[in-house]
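Novice: This is the structure I have questions about; it appears just below.
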Amino acid sequence: MIQNDVSRRRLLGLGLGLGAAASLTLAGCGGGDSGSSGPAAGNGGKEYTGPKVDLKLWNGFTGGDGDIFKALVNQFNTEHKNIAVSVATYQWEDYYNKLPGAASSGNGPDIAVMHMDQLATFAARGVITELDDVAKTLELSEGDFAPTVWKGGLYNNKRYGIPLDMHPLGFYYNKAVMQKAGLDPNKPPTTKDEYVAALTELKKAGVQGFWVSPFQFTGGMTFYSLLNQWGGTLFDADVAKATFNSDPAVEACTWLVDMIKQGFSPANVGQDADYLAFKSNKNAFTWNGIWQINDLKKSPEVQWGVAPLPQIGSKPAAWANSHNFTIVKQRANDANKVSGAKVFINWLSEHSLDWAKGGQIPARKAVREGTEFKALPEISSLAPELEYAAFPPAAPGLGEVMTTFYNSFNEAALGKKSPKQALDDGVAKANKQLEDNRKKYGS
Amino acid sequence: MADVIEVGAARGDAPPPAANAARRGGSAGRTGRATPYLFLAPYLVLFGVFGLLPIVLGLWLSVHQWDFQLPNRPFVGLDNYKELFSSDSAVYGDWWESVRATAIFTALSVPLLVVVPLGLALLLHRSFPGRTFFRAIYFAPYVLGVAVIGLLWRFLLDANLGLVNRLAGAVGLPSDTPWVTNMPWAWISLVGVTVWWTSGFNAVIYLAGLQDISPELYEAARVDGANAWQRFRNVTLPGLRPVLLFVITTTVLASANMFGQSFLITQGTPGTETRTVVWFIVEEGLRDNDAGRAAAMSIVFALMLAVVSIANFRLFRYKED
């Protein structure tokens, strides 16, 4: 990584790297049979009356949501004299790499926030613990949540995650740019015809109105949504075979790549360039995560609106994911810590309206339907998407398969391969990866 | 290993090893046989723990399907190695693509990283006003971390919003060059940024080498009527030979270990064409949790680099003869 640094620094770095690998391995040797004790500590998070416990919590909320989360934790700490929660924040990607090693060496957190599609992997690998009793105490049931989110917390019929929120992809439109092209800034397009008509008007006004990024954020997630809108799926029902080269998938991909060919999008859009262009009035439409609402609110000079994704295919659909609370297995099992952690999860779940201000839709239906949530106009405007949100499937080891999916879109969007070719190649590789995962996790 | 540590630990408060050996009446004369090893002990401990042990562990890992979180880590023999060479495995395509990417980057970057810094060093070796300032300027980028230069150049090179294309457009050149997302531009950018970033380091090494060449040799050459090129060819280059060997060897290894630039600047695009071997190993081992496969790749990659390094040394020895 560091070029040319030959002498001591390089040797040291090499030594440290190898040393870290060795210590991981050693930890792994001892960690295999640790933390196997049952999850039955505490009373499922109703209350905690034991001696004072210090709990570590890890999350990946690096944006504006992180501050709101910390404020909530502070509030919790003042209300609970015998539980002290401290928060550490990492980039999500590092976070998922770091967590298993930290947990098995005894340096991990007690509570970890995790995306829905990561739960199965971490449950299968024994990093997190079962939470059925918390769900019972919280009297949570499928009816309180979007069904996919609720089921996403299960692995082998046991609950590992308590859903905190849901975050779908939304349709952001730049009002100033729309006005410039003579479009009504208060009537964003909602159908395919309206969408293409709007893009045509924008093009006449000299604006490429829909920058298609070749990267997962946000082009890949846009394609994911469109694929579902066309009626396709990424995998079959058992997540045994990849199906993202089906006819609907190829059609959806072709439509999106054609946006570039027709000049509605520039070619070779860089990472984040779609969003930066949107903020600097060079791009009219961007399909981006709900988490950008708070970021856009910090830029008062940008005139923007957000709405559910337009329906381009045969049915509405939108990419979405969900943050979940999990409890990390510890080498030295401390029942007090586990019950303290459950109290925290229970408390925060009940305060998820405050979390909504962080730019996410609360997972709890009751909170979502309350008047206070509806008073958050931008965020609640995306709530209707949850009826048809397409959450990623839950299967252990799916992360690398999803990367393969996004990489095939990248090749199509950059014109390296035709959509059909890119997706065919991606599926061929994904099927091999799924087979490897079956062998490894034995499902 | 425990023994080694004891020796190392005992060294601190024990009487000098020589005295020790003498008291024992060792047959090896005034200094005991153990003495050289005791002097080496601190290094040997470090080497054992951080060098040898990981290599042995790596070999061990590479014959298992190893996920350190799973209780079951079956022995798989040479399967992890066979996968790398059998075209119907899940990793075959990615693995060889990453080898290819690394080879391309190394082949393109090493000649530039050997020649450009040499030119710089020759210029900076001359005496002119502001020399120290320029020496500092050319070395400056090297001080920055890969994250800094990676993000900086990703934005500068952005095809649609970047400053580089803006400037190119202003002087009448194409303003839509896909510097970081398409071929061959992605390689040009990665090599260019790396040369800009790390030339200063090699230049400093060369500069030290140049200062070691005796001025009398140049004088003698001049007396014999050698022109500037002949002086360079017959005095400077031979004088720099050990330095050159060092620079080439370390530059090849550093380029072969490239990771940060493509991770941050091109992000592997288009597709995964600029994903390097080291990056792919990290992904397999830490993201996809297959330490066995990652270890097998590391070992195969290390063997490849060993071959290149040996060839390099051979080449220089041949020249010496």
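Ordering of the structure tokens sets the chain letters (A, B, ...), residue numbers begin anew at 1 in every chain, and ligands are numbered from 1 in the order given.
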Ser89 in chain B: which residues within 9 Å, counting only C-alpha atoms, same-chain residues fewer than 6 positions away excluded, as a ChimeraX atom specification?
Specialist: /A:429,432-433 /B:82-83
Novice: Go ahead and save the picked residues with N, CA and C atoms, as a compact mmCIF listing (two decimals), in the first residue's frame.
Specialist:
# COMPACT_ATOMS: atom_id res chain seq x y z
N LYS A 429 -20.70 -16.45 -11.93
CA LYS A 429 -19.80 -16.39 -10.78
C LYS A 429 -20.58 -16.47 -9.47
N LYS A 432 -21.40 -19.94 -8.37
CA LYS A 432 -20.26 -20.64 -7.77
C LYS A 432 -20.06 -20.19 -6.33
N GLN A 433 -20.20 -18.87 -6.11
CA GLN A 433 -20.02 -18.36 -4.75
C GLN A 433 -21.09 -18.91 -3.82
N LYS B 82 -5.36 -25.62 -5.74
CA LYS B 82 -5.91 -26.11 -7.01
C LYS B 82 -6.95 -25.14 -7.56
N GLU B 83 -7.76 -24.57 -6.64
CA GLU B 83 -8.79 -23.61 -7.07
C GLU B 83 -8.21 -22.48 -7.90
Novice: Only residues of chain B matter here; which ones have an atom within 6 Å of chain A, counting only C-alpha atoms? Give them as a count of residues only.
Specialist: 18
Novice: Find the distance between CA of Asn82 in chain A and CA of Pro51 in chain A and write it in Å to one decimal.
Specialist: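 Value for the CA of Asn82 in chain A-CA of Pro51 in chain A distance: 6.4 Å.
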Novice: Got a sec: who's within 10 Å of Ala203 in chain B, counting only C-alpha atoms, leaving out chain neighbours fewer than 2 positions off, as an mmCIF file with C-alpha atoms, in the first residue's frame?
Specialist:
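Output file out-v3.cif is given in full below:
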data_model
loop_
_atom_site.group_PDB
_atom_site.id
_atom_site.type_symbol
_atom_site.label_atom_id
_atom_site.label_comp_id
_atom_site.auth_asym_id
_atom_site.auth_seq_id
_atom_site.Cartn_x
_atom_site.Cartn_y
_atom_site.Cartn_z
ATOM 1 C CA LEU B 113 9.843 5.034 -10.894
ATOM 2 C CA VAL B 114 13.432 4.046 -11.648
ATOM 3 C CA VAL B 115 14.167 6.587 -14.390
ATOM 4 C CA VAL B 116 12.217 9.699 -13.371
ATOM 5 C CA PRO B 117 13.699 9.869 -9.854
ATOM 6 C CA LEU B 118 17.168 9.318 -11.329
ATOM 7 C CA GLY B 119 16.676 12.330 -13.590
ATOM 8 C CA LEU B 120 15.357 14.322 -10.649
ATOM 9 C CA ALA B 121 18.314 13.321 -8.513
ATOM 10 C CA LEU B 122 20.793 14.332 -11.225
ATOM 11 C CA LEU B 124 18.941 18.195 -7.698
ATOM 12 C CA ARG B 135 14.551 18.947 -2.956
ATOM 13 C CA TYR B 138 9.812 16.908 -4.882
ATOM 14 C CA PHE B 139 9.871 14.873 -1.725
ATOM 15 C CA THR B 198 6.609 8.307 -4.596
ATOM 16 C CA SER B 199 9.322 9.588 -6.965
ATOM 17 C CA GLY B 200 10.678 11.788 -4.202
ATOM 18 C CA PHE B 201 11.634 8.790 -2.135
ATOM 19 C CA ILE B 205 18.126 7.402 -2.347
ATOM 20 C CA TYR B 206 19.751 8.240 -5.683
ATOM 21 C CA LEU B 207 20.898 11.573 -4.332
ATOM 22 C CA ALA B 208 22.642 9.851 -1.448
ATOM 23 C CA GLY B 209 24.263 7.477 -3.972
ATOM 24 C CA VAL B 247 15.908 0.861 -5.925
#
Novice: Could you check how far CA of Asn157 in chain A sits from CA of Leu119 in chain A, in Å to one decimal?
Specialist: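 Atom-to-atom, CA of Asn157 in chain A and CA of Leu119 in chain A are spaced 12.6 Å apart.
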Novice: Got a sec: who's within 7 Å of Trp287 in chain A, counting only C-alpha atoms, leaving out chain neighbours fewer than 4 positions off, as a PyMOL selection string?
Specialist: chain A and resi 169-172+218+222
Novice: Include N, CA and C atoms and write out the residues we just selected as a PDB file, in the first residue's frame.
Specialist:
ATOM      1  N   LEU A 169     -34.432   3.538  -0.690  1.00  0.00           N
ATOM      2  CA  LEU A 169     -33.933   4.480  -1.679  1.00  0.00           C
ATOM      3  C   LEU A 169     -35.072   5.459  -1.993  1.00  0.00           C
ATOM      4  N   GLY A 170     -34.740   6.735  -2.113  1.00  0.00           N
ATOM      5  CA  GLY A 170     -35.768   7.716  -2.437  1.00  0.00           C
ATOM      6  C   GLY A 170     -35.441   8.436  -3.738  1.00  0.00           C
ATOM      7  N   PHE A 171     -36.416   9.138  -4.234  1.00  0.00           N
ATOM      8  CA  PHE A 171     -36.238   9.889  -5.479  1.00  0.00           C
ATOM      9  C   PHE A 171     -36.065  11.362  -5.144  1.00  0.00           C
ATOM     10  N   TYR A 172     -34.872  11.875  -5.316  1.00  0.00           N
ATOM     11  CA  TYR A 172     -34.582  13.282  -5.029  1.00  0.00           C
ATOM     12  C   TYR A 172     -34.647  14.085  -6.321  1.00  0.00           C
ATOM     13  N   THR A 218     -24.733   5.170  -6.304  1.00  0.00           N
ATOM     14  CA  THR A 218     -26.110   4.820  -6.114  1.00  0.00           C
ATOM     15  C   THR A 218     -26.656   4.045  -7.322  1.00  0.00           C
ATOM     16  N   THR A 222     -29.935   1.704  -7.655  1.00  0.00           N
ATOM     17  CA  THR A 222     -30.990   2.093  -8.595  1.00  0.00           C
ATOM     18  C   THR A 222     -31.361   0.895  -9.469  1.00  0.00           C
TER      19      THR A 222
END
Novice: Among range 23-156 of chain B, which ones does DSSP place in helix (DSSP H, G or I), written as a PyMOL selection string?
Specialist: chain B and resi 23-24+35-62+79-85+92-125+131-143+146-156
Novice: Could you tell me which of B:Thr194, B:Thr272, B:Ser127, B:Gln230 comes closest to Phe405 in chain A if we count only C-alpha atoms?
Specialist: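 Looking at the shortest contact to Phe405 in chain A, the residue is B:Thr272.
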Novice: Can you list, as a list in words, every protein, DNA or RNA residue that comes within 12 Å of Trp185 in chain B when you count only C-alpha atoms, leaving out same-chain residues fewer than 5 positions away?
Specialist: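 Neighbouring residues, sequence-local ones excluded: Asn268 of chain A; Leu157, Asp158, Ala159, Asp176, Thr177, Pro178, Trp179, Val180, Leu190, Val191, Gly192, Val193, Ile265, Thr266, Thr269, Pro270 and Thr274 of chain B.
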Novice: Write out as a PyMOL selection string each polymer residue whose atoms come within 10 Å of Glu283 in chain B, counting only C-alpha atoms; drop sequence neighbours fewer than 5 positions from it.
Specialist: (chain A and resi 97+400) or (chain B and resi 277-278+288-291+294)
Novice: One number please: CA of Leu305 in chain B to CA of Val56 in chain B, in Å, one decimal.
Specialist: 18.3 Å
Novice: At a cut-off of 9 Å, using only C-alpha atoms, what residues contact Asp79 in chain B? Leave out same-chain residues fewer than 5 positions from it and give the result as an MDAnalysis selection string.
Specialist: chainID B and resid 62:65 84 293
Novice: Please dump the current selection as a compact mmCIF listing (two decimals), in the first residue's frame; keep C-alpha atoms.
Specialist:
# COMPACT_ATOMS: atom_id res chain seq x y z
CA SER B 62 -3.57 -22.60 3.34
CA VAL B 63 -4.34 -26.32 3.54
CA HIS B 64 -7.55 -25.77 5.51
CA GLN B 65 -10.87 -24.17 4.87
CA LEU B 84 -6.41 -20.91 -8.19
CA ARG B 293 -7.85 -19.35 0.46
Novice: In terms of the shortest atom-to-atom distance over only C-alpha atoms, which of A:Leu256, A:Ile162, A:Ala123, A:Ile379 is closest to Leu140 in chain A?
Specialist: A:Ile162
Novice: Can you list, as a ChimeraX atom specification, all residues belonging to range 150-234 of chain A that DSSP tags as strand (DSSP E or B)?
Specialist: /A:154-155,158-159,162-163,165-174,191,210
Novice: Counting only C-alpha atoms, figure out which residue out of B:Ala186, B:Leu78, B:Leu161, B:Val300 gets nearest to Tyr275 in chain A.
Specialist: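 Selected residue with least distance to Tyr275 in chain A: B:Leu161.
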